[in-house]
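Peer 1: Before I ask anything, here is the structure I am working with.
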Amino acid sequence: MRAADLEVTPAVALAFAVFAASTSAILVRWSAAPSSVAAFYRVLFTTAIVAPIAVVWYREEFARLSRRDLGFAVVAGVALAVHFASWFESLNHTSVAASVTIVQTQPIFVAAGAALVLGERVSRETVAGIAIAIVGAMAMSLGDAGEAPVSDATLFGNALAALGAITVAAYVLAGRSIRQRVSLFPYVTVVYAACAATLFVLVGVQGHDYVAYPGREWLLFLGMAVGPGVFGHTVVNWVLKHLESVVVSVAWLGEPIGATLLALVFLAEVPDALTVLGGLIVLAGIYATTVERERRRTPSADGS
């Protein structure tokens, strides 16, 4: 097999990243630490992994970062911190399937931002693919809700997940813009450092202990950093240089499917028929959006 055959395409990398991100909800559920503490150490450990690479191999690029790019990277990090804090906390009030599904309504916000801020063309076919995927996500949420009565706590958890959707959309849009000019490791180092600093303050404001956790929790924090952090978010940030933000955000809708399957295996949360049907509809929406992108990229036979 030739070396060229081993090249990873952005689409394959994105699929791998979505699977890695799917493990996050399970790791959070296993952790007994406060949600903001889990989020803080996930990002702190991720920063500790990527920062040495950035410092050793991209030192000169750090010095050339414009104030504008640096500022927007910091804003992206703060948005990511709010996303983590709100989403992690939502998992304490609602189910894995509902939380992960609601937070993945982010393609709506990404599509609007991509058209208004980034000038990316969003075709009618792409909008249709987003709509199909969102309908599937709603079906998954309704199917999951059928197993538990709606309560104030559930509604609060769902609201937190919605806040997570809005802030992760801002994070994706910032990444799509800045990654066209800044290399992966300098960018994610600034983003993760800003995110960790924000979460550090949040942990203190909430009055949580920073270090009094058993060894099992530290292993879970490390797992969150390596799986969803390095192989999830960091790979997604690499992909954002090569694929449109809308395509990335719609593909991210595959996370509820992975998380629900993992919840079945590791948490014994059995999805009902409506949840399964919703997952299939989500996959159809992802497929439609991907096919539309490939159609736009491939010239027709007559060269038009």
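We label chains A, B, ... in the order they appear in the structure tokens, count residues from 1 in each chain, and number ligands from 1 in the order shown.
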Dump as JSON lines the rows for residues of range 14-118 of chain A within 8 Å of range 189-200 of chain A: closest atom pair and distance in Å with one decimal, only C-alpha atoms counted, ordered by chain and rising residue number.
Peer 2:
{"residue": "A:Ser36", "atom": "CA", "partner": "A:Leu199", "partner_atom": "CA", "distance": 6.6}
{"residue": "A:Val37", "atom": "CA", "partner": "A:Leu199", "partner_atom": "CA", "distance": 7.7}
{"residue": "A:Ala39", "atom": "CA", "partner": "A:Leu199", "partner_atom": "CA", "distance": 7.2}
{"residue": "A:Phe40", "atom": "CA", "partner": "A:Leu199", "partner_atom": "CA", "distance": 5.2}
{"residue": "A:Tyr41", "atom": "CA", "partner": "A:Ala196", "partner_atom": "CA", "distance": 7.7}
{"residue": "A:Val43", "atom": "CA", "partner": "A:Ala196", "partner_atom": "CA", "distance": 5.6}
{"residue": "A:Leu44", "atom": "CA", "partner": "A:Ala196", "partner_atom": "CA", "distance": 5.4}
{"residue": "A:Thr46", "atom": "CA", "partner": "A:Tyr192", "partner_atom": "CA", "distance": 7.4}
{"residue": "A:Thr47", "atom": "CA", "partner": "A:Tyr192", "partner_atom": "CA", "distance": 5.6}
{"residue": "A:Val50", "atom": "CA", "partner": "A:Thr189", "partner_atom": "CA", "distance": 6.3}
{"residue": "A:Ala51", "atom": "CA", "partner": "A:Thr189", "partner_atom": "CA", "distance": 5.4}
{"residue": "A:Ala54", "atom": "CA", "partner": "A:Thr189", "partner_atom": "CA", "distance": 7.1}
{"residue": "A:Leu70", "atom": "CA", "partner": "A:Val190", "partner_atom": "CA", "distance": 7.5}
{"residue": "A:Ala73", "atom": "CA", "partner": "A:Val191", "partner_atom": "CA", "distance": 5.4}
{"residue": "A:Val74", "atom": "CA", "partner": "A:Ala194", "partner_atom": "CA", "distance": 5.4}
{"residue": "A:Val75", "atom": "CA", "partner": "A:Ala194", "partner_atom": "CA", "distance": 7.9}
{"residue": "A:Ala76", "atom": "CA", "partner": "A:Val191", "partner_atom": "CA", "distance": 6.1}
{"residue": "A:Gly77", "atom": "CA", "partner": "A:Val191", "partner_atom": "CA", "distance": 4.2}
{"residue": "A:Val78", "atom": "CA", "partner": "A:Cys195", "partner_atom": "CA", "distance": 5.1}
{"residue": "A:Ala79", "atom": "CA", "partner": "A:Cys195", "partner_atom": "CA", "distance": 7.6}
{"residue": "A:Leu80", "atom": "CA", "partner": "A:Cys195", "partner_atom": "CA", "distance": 6.1}
{"residue": "A:Ala81", "atom": "CA", "partner": "A:Cys195", "partner_atom": "CA", "distance": 4.8}
{"residue": "A:Ala85", "atom": "CA", "partner": "A:Leu199", "partner_atom": "CA", "distance": 7.6}
Peer 1: What does the file look like for those residues with C-alpha atoms, as a PDB file, in the first residue's frame?
Peer 2:
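Generated file (again_39.pdb):
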ATOM      1  CA  SER A  36     -17.983  22.814  35.703  1.00  0.00           C
ATOM      2  CA  VAL A  37     -15.050  20.997  37.319  1.00  0.00           C
ATOM      3  CA  ALA A  39     -15.401  20.710  31.941  1.00  0.00           C
ATOM      4  CA  PHE A  40     -12.463  22.670  33.367  1.00  0.00           C
ATOM      5  CA  TYR A  41     -10.147  19.689  33.675  1.00  0.00           C
ATOM      6  CA  VAL A  43     -10.107  21.547  28.622  1.00  0.00           C
ATOM      7  CA  LEU A  44      -7.077  22.096  30.867  1.00  0.00           C
ATOM      8  CA  THR A  46      -6.465  19.104  26.377  1.00  0.00           C
ATOM      9  CA  THR A  47      -4.518  22.367  26.476  1.00  0.00           C
ATOM     10  CA  VAL A  50      -1.656  20.530  22.387  1.00  0.00           C
ATOM     11  CA  ALA A  51       0.279  23.501  23.811  1.00  0.00           C
ATOM     12  CA  ALA A  54       2.318  24.655  19.335  1.00  0.00           C
ATOM     13  CA  LEU A  70      -6.036  36.550  18.792  1.00  0.00           C
ATOM     14  CA  ALA A  73      -9.767  33.089  19.223  1.00  0.00           C
ATOM     15  CA  VAL A  74     -10.196  34.182  22.844  1.00  0.00           C
ATOM     16  CA  VAL A  75     -13.887  34.908  22.213  1.00  0.00           C
ATOM     17  CA  ALA A  76     -14.207  31.446  20.661  1.00  0.00           C
ATOM     18  CA  GLY A  77     -12.638  29.979  23.796  1.00  0.00           C
ATOM     19  CA  VAL A  78     -15.074  31.806  26.072  1.00  0.00           C
ATOM     20  CA  ALA A  79     -17.991  30.617  23.905  1.00  0.00           C
ATOM     21  CA  LEU A  80     -16.668  27.066  24.151  1.00  0.00           C
ATOM     22  CA  ALA A  81     -16.479  27.417  27.945  1.00  0.00           C
ATOM     23  CA  ALA A  85     -20.607  24.533  31.316  1.00  0.00           C
TER      24      ALA A  85
END
Peer 1: List every residue of range 61-131 of chain A that DSSP, applied to the backbone of this structure, assigns to alpha helix (DSSP H), and report them as a PyMOL selection string.
Peer 2: chain A and resi 61-64+67-90+96-103+106-113+124-131
Peer 1: Counting only C-alpha atoms, which residues in range 18-74 of chain A sit no more than 7 Å from range 216-234 of chain A? For each one, give the nearest pair of atoms and the distance in Å, sorted by chain then residue number, as CSV.
Peer 2:
residue,atom,partner,partner_atom,distance
A:Val18,CA,A:Gly232,CA,6.3
A:Ala20,CA,A:Gly232,CA,5.0
A:Ala21,CA,A:Pro228,CA,4.2
A:Thr23,CA,A:Pro228,CA,6.5
A:Ser24,CA,A:Pro228,CA,5.7
A:Leu27,CA,A:Leu220,CA,6.4
A:Ser31,CA,A:Glu217,CA,6.2
A:Ala38,CA,A:Phe221,CA,6.2
A:Tyr41,CA,A:Phe221,CA,5.8
A:Arg42,CA,A:Ala225,CA,4.6
A:Val43,CA,A:Ala225,CA,6.3
A:Phe45,CA,A:Ala225,CA,5.7
A:Thr46,CA,A:Ala225,CA,4.8
Peer 1: Taking only C-alpha atoms into account, name the residue in A:Ser95, A:Gly285, A:Leu116, A:Gly207 that is nearest to Val270 in chain A.
Peer 2: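 Closest residue, counting only C-alpha atoms: A:Ser95.
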Peer 1: Between A:Ala63, A:Val182, A:Ile132, A:Ala212, which residue has the minimum interatomic distance to Tyr287 in chain A, considering only C-alpha atoms?
Peer 2: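 Distance minimum relative to Tyr287 in chain A lands on A:Ile132.
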Peer 1: Residues at most 10 Å from Ala165 in chain A, counting only C-alpha atoms, excluding those fewer than 2 positions away in the same chain, as a list of chain:residue names?
Peer 2: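 In the requested format, the answer is A:His83, A:Ser86, A:Trp87, A:Val100, A:Thr101, A:Ile102, A:Val103, A:Gln104, A:Thr105, A:Gln106, A:Pro107, A:Ile108, A:Phe109, A:Val110, A:Ala159, A:Leu160, A:Ala161, A:Ala162, A:Leu163, A:Thr167, A:Val168, A:Ala169, A:Ala170, A:Tyr171.
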Peer 1: Using only C-alpha atoms, which residues of range 219-279 of chain A come within 12 Å of range 183-187 of chain A, and what is the closest atom pair for each, with the distance in Å to one decimal? Give it as CSV, sorted by chain and residue number.
Peer 2:
residue,atom,partner,partner_atom,distance
A:Val230,CA,A:Phe185,CA,10.9
A:His233,CA,A:Leu184,CA,11.2
A:Thr234,CA,A:Leu184,CA,8.0
A:Val235,CA,A:Leu184,CA,9.1
A:Val236,CA,A:Leu184,CA,10.1
A:Asn237,CA,A:Leu184,CA,6.9
A:Trp238,CA,A:Leu184,CA,6.0
A:Val239,CA,A:Leu184,CA,9.6
A:Leu240,CA,A:Leu184,CA,9.7
A:Lys241,CA,A:Leu184,CA,8.8
A:His242,CA,A:Leu184,CA,11.8
Peer 1: When you count only C-alpha atoms, which of these residues is closest to Ala139 in chain A: A:Ala98, A:Leu202, A:Thr9, A:Glu60?
Peer 2: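 So, comparing all the options, the nearest one is A:Ala98.
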Peer 1: Which residue gives the smallest distance to His93 in chain A among A:Gly278, A:Gly204, A:Gly157, A:Gly71, with only C-alpha atoms counted?
Peer 2: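 Smallest separation from His93 in chain A among the options: A:Gly157.
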Peer 1: With only C-alpha atoms as the basis for distance, which of A:Ala131, A:Val28, A:Ala33, A:Ile178 is at the shortest distance from Leu118 in chain A?
Peer 2: A:Ile178
Peer 1: For CA of Ala288 in chain A and CA of Val247 in chain A, determine how far apart the two atoms are, in Å to one decimal place.
Peer 2: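 Separation of CA of Ala288 in chain A and CA of Val247 in chain A: 10.2 Å.
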Peer 1: If I take CA of Ser22 in chain A and CA of Phe266 in chain A, how far is one from the other in Å, to one decimal?
Peer 2: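 Between CA of Ser22 in chain A and CA of Phe266 in chain A the gap is 12.7 Å.
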Peer 1: Which of these residues is nearest to Pro34 in chain A, using only C-alpha atoms: A:Gln206, A:Ser99, A:Ser177, A:Ser123?
Peer 2: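 When distances to Pro34 in chain A are compared using only C-alpha atoms, the smallest one comes from A:Gln206.
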